>>> print(open('start-v5.cif').read())   # mmCIF, C-alpha atoms
data_input
#
loop_
_atom_site.label_atom_id
_atom_site.label_comp_id
_atom_site.auth_asym_id
_atom_site.auth_seq_id
_atom_site.Cartn_x
_atom_site.Cartn_y
_atom_site.Cartn_z
CA MET D 161 0.00 0.00 0.00
CA PRO D 162 1.43 3.40 -0.99
CA MET D 163 2.60 5.64 1.89
CA ARG D 164 -0.05 8.28 1.19
CA LEU D 165 -2.85 5.74 1.55
CA LEU D 166 -1.27 4.39 4.68
CA GLY D 167 -1.25 7.91 6.06
CA GLU D 168 -4.91 8.34 5.23
CA VAL D 169 -5.72 5.09 6.97
CA PHE D 170 -3.92 5.97 10.15
CA MET D 171 -4.54 9.72 10.08
CA PRO D 172 -7.59 11.03 8.21
CA LYS D 173 -7.26 14.24 6.15
CA LYS D 174 -9.18 16.32 8.69
CA ARG D 175 -6.89 15.12 11.45
CA ILE D 176 -3.81 15.96 9.35
CA MET D 177 -5.15 19.49 8.81
CA GLY D 178 -5.84 19.74 12.52
CA THR D 179 -2.27 18.71 13.33
CA VAL D 180 -0.85 21.28 10.87
CA LYS D 181 -3.08 24.00 12.34
CA GLY D 182 -2.01 23.01 15.83
CA LEU D 183 1.62 23.19 14.79
CA ILE D 184 1.18 26.65 13.26
CA TRP D 185 -0.60 27.92 16.38
CA SER D 186 2.14 26.47 18.57
CA ILE D 187 4.76 28.35 16.54
CA ILE D 188 2.75 31.59 16.79
CA VAL D 189 2.33 31.17 20.55
CA LEU D 190 6.05 30.46 20.96
CA ILE D 191 6.94 33.57 18.92
CA ILE D 192 4.58 35.72 21.02
CA LEU D 193 5.99 34.25 24.25
CA GLY D 194 9.49 34.91 22.96
CA LEU D 195 8.66 38.52 22.16
CA VAL D 196 7.00 39.03 25.55
CA GLY D 197 10.03 37.49 27.23
CA CYS D 198 12.35 39.89 25.41
CA ALA D 199 10.22 42.92 26.16
CA ARG D 200 10.67 42.54 29.93
CA PRO D 201 13.84 44.00 31.41
CA THR D 202 16.42 41.57 32.74
CA GLY D 203 15.90 40.74 36.40
CA TYR D 204 18.28 39.70 39.16
CA THR D 205 19.22 36.31 37.80
CA LYS D 206 22.36 34.31 37.20
CA ALA D 207 23.26 34.19 33.53
CA SER D 208 22.61 30.68 32.32
CA SER D 209 24.10 28.98 29.34
CA ILE D 210 22.23 28.70 26.10
CA TRP D 211 23.37 25.85 23.87
CA GLY D 212 25.22 24.26 26.73
CA THR D 213 28.37 26.29 27.12
CA VAL D 214 28.58 28.71 24.19
CA GLU D 215 26.58 31.75 25.22
CA LYS D 216 25.96 32.76 28.79
CA GLY D 217 22.75 34.74 28.27
CA TYR D 218 21.35 37.64 30.26
CA GLY D 219 21.92 38.18 33.96
CA TYR D 220 24.95 38.33 36.22
CA ARG D 221 28.14 36.29 36.36
CA ASP D 222 31.20 36.67 38.51
CA LYS D 223 34.80 35.54 38.68
CA ARG D 224 37.34 35.62 41.47
CA ILE D 225 40.30 37.72 40.32
CA ASN D 226 42.46 36.84 43.29
CA GLY D 227 42.00 36.59 47.05
CA ASP D 228 39.17 38.94 47.96
CA GLU D 229 38.85 40.62 44.57
CA PHE D 230 35.98 39.70 42.27
CA SER D 231 34.69 40.83 38.90
CA ILE D 232 30.96 41.02 38.29
CA VAL D 233 29.47 41.42 34.83
CA VAL D 234 25.78 41.98 34.15
CA LEU D 235 24.37 41.77 30.66
CA GLY D 236 20.85 43.05 30.10
CA ASN D 237 18.53 42.53 27.16
CA PRO D 238 17.80 45.56 24.92
CA SER D 239 14.77 46.47 27.11
CA THR D 240 16.96 46.90 30.18
CA SER D 241 18.30 50.30 31.19
CA GLU D 242 21.95 51.00 31.99
CA ALA D 243 20.91 52.02 35.52
CA ARG D 244 19.20 48.67 36.06
CA VAL D 245 22.20 46.55 35.02
CA ALA D 246 24.38 48.69 37.32
CA GLU D 247 21.97 48.03 40.21
CA ILE D 248 21.95 44.30 39.48
CA ALA D 249 25.76 44.31 39.59
CA LEU D 250 25.74 46.12 42.92
CA LEU D 251 23.16 43.75 44.37
CA ARG D 252 25.20 40.76 43.21
CA ALA D 253 28.27 42.29 44.90
CA ALA D 254 26.35 42.52 48.16
CA HIS D 255 25.09 38.93 47.91
CA LEU D 256 28.62 37.77 47.06
CA ALA D 257 29.97 39.48 50.19
CA LYS D 258 27.30 37.74 52.24
CA GLU D 259 28.03 34.35 50.66
CA GLU D 260 31.71 34.80 51.54
CA GLY D 261 30.87 35.60 55.15
CA ARG D 262 31.69 39.33 54.86
CA THR D 263 29.70 42.39 55.77
CA HIS D 264 31.46 45.16 53.81
CA PHE D 265 33.00 45.62 50.38
CA VAL D 266 34.55 48.38 48.30
CA ILE D 267 34.20 49.10 44.61
CA ILE D 268 37.59 49.12 42.87
CA LYS D 269 36.39 49.86 39.34
CA GLN D 270 33.11 50.21 37.52
CA LYS D 271 32.24 50.59 33.89
CA ALA D 272 29.04 50.94 31.92
CA GLU D 273 29.11 49.61 28.37
CA THR D 274 26.88 48.58 25.53
CA ALA D 275 27.64 45.43 23.61
CA GLY D 276 26.43 44.83 20.07
CA ARG D 277 24.60 41.72 18.99
CA ALA D 278 23.82 40.86 15.39
CA VAL D 279 20.29 39.55 15.10
CA THR D 280 19.38 37.58 11.99
CA THR D 281 15.95 38.25 10.52
CA SER D 282 14.43 35.16 8.95
CA ILE D 283 11.17 34.09 7.40
CA PRO D 284 9.61 30.61 7.62
CA LEU D 285 9.51 28.87 4.25
CA PHE D 286 8.60 25.36 3.12
CA VAL D 287 11.65 23.87 1.43
CA ALA D 288 11.13 20.34 0.06
CA GLY D 289 8.11 19.97 2.33
CA VAL D 290 9.97 21.00 5.46
CA LEU D 291 9.38 24.27 7.31
CA VAL D 292 12.73 26.05 7.64
CA ALA D 293 13.79 29.53 8.74
CA VAL D 294 15.45 31.31 5.82
CA PRO D 295 17.68 34.28 6.77
CA VAL D 296 16.73 37.46 4.89
CA GLY D 297 18.63 40.14 6.75
CA GLU D 298 20.53 41.20 9.80
CA ARG D 299 20.43 44.07 12.28
CA THR D 300 22.53 44.99 15.27
CA THR D 301 20.98 45.58 18.67
CA GLN D 302 22.73 47.16 21.61
CA GLU D 303 22.64 45.48 25.01
CA PRO D 304 23.66 47.23 28.24
CA MET D 305 26.54 45.77 30.19
CA ALA D 306 27.75 46.72 33.65
CA ILE D 307 31.20 45.74 34.91
CA LEU D 308 32.07 45.95 38.56
CA LEU D 309 35.33 45.07 40.30
CA ILE D 310 35.02 44.71 44.06
CA ARG D 311 37.16 43.84 47.05
CA LEU D 312 35.60 42.13 50.05
CA LEU D 313 36.82 43.57 53.31
CA PRO D 314 37.88 41.37 56.20
CA LEU D 315 35.74 41.52 59.33
CA GLN D 316 37.15 44.35 61.42
CA ALA D 317 36.18 46.99 63.95
CA ALA D 318 36.34 49.98 61.63
CA TYR D 319 35.79 50.20 57.89
CA PRO D 320 36.98 52.81 55.39
CA PRO D 321 34.48 55.55 54.51
CA ASP D 322 34.01 54.27 50.95
CA ALA D 323 33.02 50.79 52.18
CA LEU D 324 29.51 49.61 51.35
CA ILE D 325 27.45 47.62 53.82
CA ALA D 326 26.20 44.48 52.09
CA ALA D 327 23.03 44.19 54.18
CA GLU D 328 22.01 47.79 53.39
CA VAL D 329 22.59 47.35 49.66
CA ILE D 330 20.45 44.19 49.67
CA GLU D 331 17.69 45.94 51.61
CA GLN D 332 17.61 48.88 49.22
CA LEU D 333 17.86 47.02 45.91
CA ALA D 334 16.40 43.55 46.41
CA LYS D 335 12.76 44.66 46.51
CA HIS D 336 12.56 46.00 42.97
CA LEU D 337 15.16 43.73 41.36
CA GLU D 338 14.50 40.27 42.74
CA MET P 949 21.25 17.63 13.88
CA ILE P 950 23.45 15.59 16.23
CA ALA P 951 25.72 14.65 13.33
CA MET P 952 25.95 18.31 12.31
CA LEU P 953 26.79 19.40 15.87
CA GLY P 954 29.35 16.65 16.07
CA THR P 955 31.04 17.84 12.89
CA LEU P 956 31.06 21.43 14.10
CA SER P 957 32.28 20.58 17.58
CA ALA P 958 35.25 18.77 16.14
CA CYS P 959 36.42 22.08 14.68
CA ALA P 960 36.39 24.21 17.87
CA THR P 961 39.97 25.20 18.67
CA PRO P 962 41.38 27.91 20.96
CA ALA P 963 42.24 31.42 19.80
CA ARG P 964 45.68 31.75 18.17
CA PRO P 965 48.07 34.04 20.08
CA GLY P 966 49.76 35.35 16.93
CA LEU P 967 46.44 36.60 15.60
CA MET P 968 45.69 38.52 18.82
CA VAL P 969 48.69 40.81 18.33
CA PRO P 970 47.80 44.27 16.98
CA GLU P 971 49.22 44.71 13.51
CA SER P 972 49.72 48.44 13.64
CA ALA P 973 48.91 51.31 15.92
CA LEU P 974 49.40 55.05 15.82
CA PHE P 975 51.57 56.19 18.68
CA PRO P 976 52.62 59.69 19.70
CA SER P 977 56.27 60.49 19.05
CA HIS P 978 57.07 61.39 22.69
CA SER P 979 56.38 57.78 23.69
CA LEU P 980 59.68 56.73 22.13
CA ASP P 981 61.40 58.23 25.17
CA SER P 982 59.02 56.63 27.68
CA PRO P 983 60.52 54.92 30.76
CA LEU P 984 58.13 52.07 30.00
CA ARG P 985 60.14 51.05 26.95
CA ASN P 986 61.73 47.61 27.43
CA ALA P 987 60.72 47.84 31.09
CA ILE P 988 57.57 45.78 31.61
CA ALA P 989 57.29 42.19 32.81
CA ILE P 990 53.99 40.36 32.64
CA SER P 991 53.52 39.01 36.14
CA LYS P 992 50.02 37.55 36.03
CA VAL P 993 47.37 36.69 33.45
CA GLY P 994 44.00 35.27 34.42
CA GLY P 995 40.31 35.03 33.68
CA GLY P 996 40.65 32.97 30.53
CA GLU P 997 38.48 29.98 29.75
CA LYS P 998 39.37 26.69 28.18
CA THR P 999 37.95 25.96 24.74
CA ASN P 1000 35.13 23.45 24.92
CA PRO P 1001 33.86 21.18 22.15
CA LEU P 1002 31.12 23.66 21.24
CA ALA P 1003 32.98 26.96 21.27
CA SER P 1004 36.36 28.51 20.82
CA LYS P 1005 37.52 30.46 23.88
CA VAL P 1006 40.55 32.42 24.95
CA GLY P 1007 42.56 30.63 27.62
CA ASP P 1008 45.12 32.08 30.03
CA ARG P 1009 48.01 30.54 28.11
CA GLU P 1010 46.93 32.00 24.75
CA LEU P 1011 46.25 35.40 26.28
CA ASP P 1012 49.61 35.40 28.06
CA GLU P 1013 51.41 34.56 24.83
CA ALA P 1014 49.51 37.21 22.88
CA LEU P 1015 50.41 39.85 25.50
CA HIS P 1016 54.08 38.84 25.46
CA LEU P 1017 54.17 39.03 21.65
CA SER P 1018 52.38 42.39 21.63
CA LEU P 1019 54.57 44.06 24.25
CA LYS P 1020 57.65 42.68 22.54
CA ARG P 1021 56.59 43.88 19.10
CA TYR P 1022 56.00 47.42 20.35
CA GLY P 1023 59.13 47.58 22.50
CA PHE P 1024 57.70 47.41 26.02
CA LEU P 1025 58.70 43.92 27.14
CA ILE P 1026 61.81 43.51 29.24
CA THR P 1027 64.11 40.61 28.45
CA SER P 1028 64.75 39.66 32.07
CA ASP P 1029 61.67 39.61 34.32
CA ALA P 1030 63.75 39.84 37.52
CA ASP P 1031 65.07 43.30 36.63
CA ALA P 1032 61.75 44.72 35.44
CA PRO P 1033 60.95 48.24 36.71
CA PHE P 1034 57.24 47.61 36.05
CA ARG P 1035 54.93 44.62 36.34
CA LEU P 1036 51.72 44.09 34.43
CA GLU P 1037 48.72 42.05 35.56
CA VAL P 1038 45.96 41.31 33.08
CA PHE P 1039 42.60 39.74 33.80
CA LEU P 1040 40.04 38.74 31.19
CA ILE P 1041 36.84 39.83 32.91
CA GLU P 1042 34.45 38.90 30.15
CA LEU P 1043 34.35 37.42 26.69
CA LYS P 1044 30.80 37.96 25.48
CA GLN P 1045 30.13 35.55 22.65
CA PRO P 1046 27.05 34.86 20.55
CA SER P 1047 25.85 31.31 20.05
CA VAL P 1048 24.54 31.78 16.52
CA GLY P 1049 24.40 34.46 13.86
CA LEU P 1050 25.62 35.42 10.43
CA THR P 1051 27.81 38.13 11.91
CA MET P 1052 29.33 37.08 15.20
CA ILE P 1053 30.19 39.98 17.46
CA VAL P 1054 32.46 39.23 20.41
CA THR P 1055 33.06 41.80 23.14
CA SER P 1056 36.00 41.46 25.49
CA ALA P 1057 36.53 43.29 28.76
CA MET P 1058 40.01 43.18 30.27
CA ARG P 1059 41.56 44.76 33.31
CA TYR P 1060 45.15 45.99 32.97
CA LYS P 1061 47.08 46.85 36.11
CA LEU P 1062 50.56 48.32 35.78
CA THR P 1063 52.61 48.72 38.96
CA ARG P 1064 56.05 50.22 39.52
CA ASN P 1065 58.14 47.62 41.35
CA LEU P 1066 60.31 50.18 43.12
CA ASP P 1067 57.58 51.56 45.37
CA ASP P 1068 54.51 49.48 44.39
CA GLN P 1069 52.89 52.58 42.98
CA MET P 1070 50.00 51.96 40.62
CA MET P 1071 50.77 53.56 37.27
CA TYR P 1072 47.71 52.38 35.41
CA ASP P 1073 44.59 50.47 36.38
CA ASP P 1074 41.71 50.36 33.97
CA ILE P 1075 39.12 48.18 32.26
CA ILE P 1076 39.24 48.20 28.48
CA THR P 1077 36.42 46.87 26.35
CA ALA P 1078 36.58 46.13 22.62
CA SER P 1079 34.33 44.42 20.09
CA TYR P 1080 34.92 42.68 16.81
CA GLY P 1081 32.46 41.23 14.33
CA ALA P 1082 33.34 38.34 12.03
CA THR P 1083 31.09 37.84 9.03
CA VAL P 1084 30.23 34.91 6.78
CA GLY P 1085 32.70 36.44 4.33
CA ASP P 1086 35.48 35.88 6.88
CA ALA P 1087 34.55 32.26 7.56
CA PHE P 1088 31.60 30.14 6.51
CA SER P 1089 31.84 27.79 9.48
CA GLY P 1090 30.24 29.26 12.60
CA VAL P 1091 32.85 27.71 14.88
CA HIS P 1092 35.70 29.26 12.91
CA ARG P 1093 33.84 32.58 12.66
CA LEU P 1094 33.56 32.69 16.44
CA LYS P 1095 37.28 32.04 16.79
CA LEU P 1096 38.06 34.91 14.39
CA ALA P 1097 35.75 37.20 16.37
CA ASN P 1098 37.47 36.20 19.64
CA GLU P 1099 40.88 36.92 18.19
CA GLY P 1100 39.75 40.21 16.68
CA SER P 1101 38.20 41.38 19.93
CA ILE P 1102 41.30 40.59 22.02
CA ARG P 1103 43.53 42.15 19.33
CA ALA P 1104 41.49 45.36 19.43
CA ASN P 1105 41.57 45.32 23.23
CA ILE P 1106 45.37 44.99 23.38
CA ALA P 1107 45.71 47.72 20.73
CA ILE P 1108 43.78 50.16 22.93
CA PHE P 1109 45.95 49.27 25.91
CA LEU P 1110 49.13 49.83 23.89
CA GLN P 1111 47.85 53.25 22.86
CA HIS P 1112 47.17 54.07 26.51
CA LEU P 1113 50.68 52.90 27.42
CA HIS P 1114 52.14 55.22 24.82
CA SER P 1115 50.09 58.11 26.13
CA LEU P 1116 51.05 57.53 29.77
CA ASN P 1117 53.14 60.37 31.02
CA ILE P 1118 55.57 58.72 33.40
CA LYS P 1119 58.65 60.62 34.50
CA LYS P 1120 61.91 58.75 34.56
CA SER P 1121 62.98 57.66 38.02
CA PRO P 1122 66.56 58.67 38.93
CA ILE P 1123 67.24 55.05 39.94
CA GLN P 1124 66.20 53.63 36.56
#
>>> encode(input="start-v5.cif", output="structure tokens")
Amino acid sequence: MPMRLLGEVFMPKKRIMGTVKGLIWSIIVLIILGLVGCARPTGYTKASSIWGTVEKGYGYRDKRINGDEFSIVVLGNPSTSEARVAEIALLRAAHLAKEEGRTHFVIIKQKAETAGRAVTTSIPLFVAGVLVAVPVGERTTQEPMAILLIRLLPLQAAYPPDALIAAEVIEQLAKHLE
Amino acid sequence: MIAMLGTLSACATPARPGLMVPESALFPSHSLDSPLRNAIAISKVGGGEKTNPLASKVGDRELDEALHLSLKRYGFLITSDADAPFRLEVFLIELKQPSVGLTMIVTSAMRYKLTRNLDDQMMYDDIITASYGATVGDAFSGVHRLKLANEGSIRANIAIFLQHLHSLNIKKSPIQ
């Protein structure tokens, strides 16, 4: 029995159309969800890997430079303001101090940047019966990036005047970022 | 899909130090008399990441080699580290890479810290950021394109630092 007839036996025409419609609606819903997701500013979240280990995504990440010095980088999506990524970096610094059992930290360096990202525009096309995304153009979007270098201070009786109190930073920023 | 990923992953190799050395840079003429000439030792390089099967990265070893080659090419590297009047610490804070795209833009952020050994005085401490975009015209394979973008970004970053070094107004110490 030819494949087409087999298909009709196991899946009537109406059902096939229903499946195709369902698939199209699923794609539309996913696109809308994707757009809604992008429209919201980046929150206080650890940047997680997309595609395993290639791209780290939006959010914060940190590295220990040496001893008590750390670097914190926050990358926001295009809907995120420069002020917000700076606040996320500061909040992460405060949490980091707390995680390391410290109460105070100082900012060594800070930098606000924008990083470009090339976004490929594509249209869905049926090629040999398969729905594929065909690239038709490219545009560059700018994403805000905040870089913060901090030093955690050892527990001591007196702290320098430029020291920030981790608990106070968390109290001030956590409410509208977390 | 798995076969395709497998083929691509086999190609991911680390950035090449020689291609992270700035080819040319415009320097002010007064920098020829700078006390930094043939006076810097690279004491520490960190923050790099090892290349994984999916993506080319810039590791500490590659970055260290690229910095040595760059400082040497532009006459800043001292031949004997023990006698160096200045020490340089470099930390790769961030290497922002895309996962897909026709043009792959990589942004690097590096901290350069230059200290005078004589009195531990900080001569320079700054974060430099630089971006580079590699297109399909540069490389058809995405994995190779990402590597080119990594190299270009680090190269641009080091070039900015070298320009800053040339512009630094450091007076000669009587001991030097």
>>> atom_distance(input="start-v5.cif", atom1="CA of Ala987 in chain P", atom2="CA of Ala1107 in chain P")
18.2 Å
>>> closest_residue(input="start-v5.cif", among="P:Asn1065, P:Ser972, P:Gln1111, P:Ser1056", to="chain D", atoms="all atoms listed in the file")
P:Ser1056
>>> closest_residue(input="start-v5.cif", among="D:Asp322, D:Asp228, D:Glu303, D:Glu338", to="Arg277 in chain D", atoms="only C-alpha atoms")
D:Glu303
>>> closest_residue(input="start-v5.cif", among="D:Ala257, D:Leu308, D:Val279, D:Ile330", to="Met1058 in chain P", atoms="all atoms listed in the file")
D:Leu308
>>> closest_residue(input="start-v5.cif", among="P:Thr999, P:Thr1055, P:Ser1004, P:Thr961", to="Ile1041 in chain P", atoms="only C-alpha atoms")
P:Thr1055
>>> closest_atom_pairs(input="start-v5.cif", of="chain P", to="chain D", cutoff="6 Å", atoms="all atoms listed in the file", output="JSON lines")
{"residue": "P:Ala1003", "atom": "CA", "partner": "D:Val214", "partner_atom": "CA", "distance": 5.6}
{"residue": "P:Gln1045", "atom": "CA", "partner": "D:Glu215", "partner_atom": "CA", "distance": 5.8}
{"residue": "P:Pro1046", "atom": "CA", "partner": "D:Glu215", "partner_atom": "CA", "distance": 5.6}
{"residue": "P:Ser1047", "atom": "CA", "partner": "D:Glu215", "partner_atom": "CA", "distance": 5.2}
{"residue": "P:Thr1051", "atom": "CA", "partner": "D:Ala278", "partner_atom": "CA", "distance": 6.0}
>>> atom_distance(input="start-v5.cif", atom1="CA of Asn237 in chain D", atom2="CA of Ala334 in chain D")
19.4 Å
>>> residues_around(input="start-v5.cif", residues="Arg262 in chain D", least_positions_apart="2", cutoff="10 Å", atoms="all atoms listed in the file", output="list in words")
Ala254, His255, Leu256, Ala257, Lys258, Glu259, Glu260, His264, Phe265, Leu312, Leu313, Pro314, Leu315, Gln316, Ile325, Ala326 and Ala327 of chain D
>>> residues_around(input="start-v5.cif", residues="Tyr1060 in chain P", least_positions_apart="4", cutoff="9 Å", atoms="only C-alpha atoms", output="list in words")
Leu1036, Glu1037, Val1038, Phe1039, Tyr1072, Asp1073, Asp1074, Ile1075, Ile1076 and Phe1109 of chain P
>>> atom_distance(input="start-v5.cif", atom1="CA of Val1084 in chain P", atom2="CA of Gln302 in chain D")
20.6 Å
>>> closest_residue(input="start-v5.cif", among="P:Ala989, P:Gly1100, P:Leu1113, P:Thr1083", to="Ala1030 in chain P", atoms="all atoms listed in the file")
P:Ala989
>>> closest_residue(input="start-v5.cif", among="P:Leu1116, P:Met1071, P:Met1052, P:Leu1011", to="Ala963 in chain P", atoms="all atoms listed in the file")
P:Leu1011
>>> resolve_selection(input="start-v5.cif", expression="the PyMOL selection byres ((chain P and resi 994) around 6)", output="PyMOL selection string")
chain P and resi 993+995-996+1008+1039
>>> decode(input="start-v5.cif", residues="range 249-299 of chain D", atoms="C-alpha atoms", output="short mmCIF file (atom, residue, chain, number, x, y, z; two decimals), in the first residue's frame")
data_model
loop_
_atom_site.label_atom_id
_atom_site.label_comp_id
_atom_site.auth_asym_id
_atom_site.auth_seq_id
_atom_site.Cartn_x
_atom_site.Cartn_y
_atom_site.Cartn_z
CA ALA D 249 25.76 44.31 39.59
CA LEU D 250 25.74 46.12 42.92
CA LEU D 251 23.16 43.75 44.37
CA ARG D 252 25.20 40.76 43.21
CA ALA D 253 28.27 42.29 44.90
CA ALA D 254 26.35 42.52 48.16
CA HIS D 255 25.09 38.93 47.91
CA LEU D 256 28.62 37.77 47.06
CA ALA D 257 29.97 39.48 50.19
CA LYS D 258 27.30 37.74 52.24
CA GLU D 259 28.03 34.35 50.66
CA GLU D 260 31.71 34.80 51.54
CA GLY D 261 30.87 35.60 55.15
CA ARG D 262 31.69 39.33 54.86
CA THR D 263 29.70 42.39 55.77
CA HIS D 264 31.46 45.16 53.81
CA PHE D 265 33.00 45.62 50.38
CA VAL D 266 34.55 48.38 48.30
CA ILE D 267 34.20 49.10 44.61
CA ILE D 268 37.59 49.12 42.87
CA LYS D 269 36.39 49.86 39.34
CA GLN D 270 33.11 50.21 37.52
CA LYS D 271 32.24 50.59 33.89
CA ALA D 272 29.04 50.94 31.92
CA GLU D 273 29.11 49.61 28.37
CA THR D 274 26.88 48.58 25.53
CA ALA D 275 27.64 45.43 23.61
CA GLY D 276 26.43 44.83 20.07
CA ARG D 277 24.60 41.72 18.99
CA ALA D 278 23.82 40.86 15.39
CA VAL D 279 20.29 39.55 15.10
CA THR D 280 19.38 37.58 11.99
CA THR D 281 15.95 38.25 10.52
CA SER D 282 14.43 35.16 8.95
CA ILE D 283 11.17 34.09 7.40
CA PRO D 284 9.61 30.61 7.62
CA LEU D 285 9.51 28.87 4.25
CA PHE D 286 8.60 25.36 3.12
CA VAL D 287 11.65 23.87 1.43
CA ALA D 288 11.13 20.34 0.06
CA GLY D 289 8.11 19.97 2.33
CA VAL D 290 9.97 21.00 5.46
CA LEU D 291 9.38 24.27 7.31
CA VAL D 292 12.73 26.05 7.64
CA ALA D 293 13.79 29.53 8.74
CA VAL D 294 15.45 31.31 5.82
CA PRO D 295 17.68 34.28 6.77
CA VAL D 296 16.73 37.46 4.89
CA GLY D 297 18.63 40.14 6.75
CA GLU D 298 20.53 41.20 9.80
CA ARG D 299 20.43 44.07 12.28
#
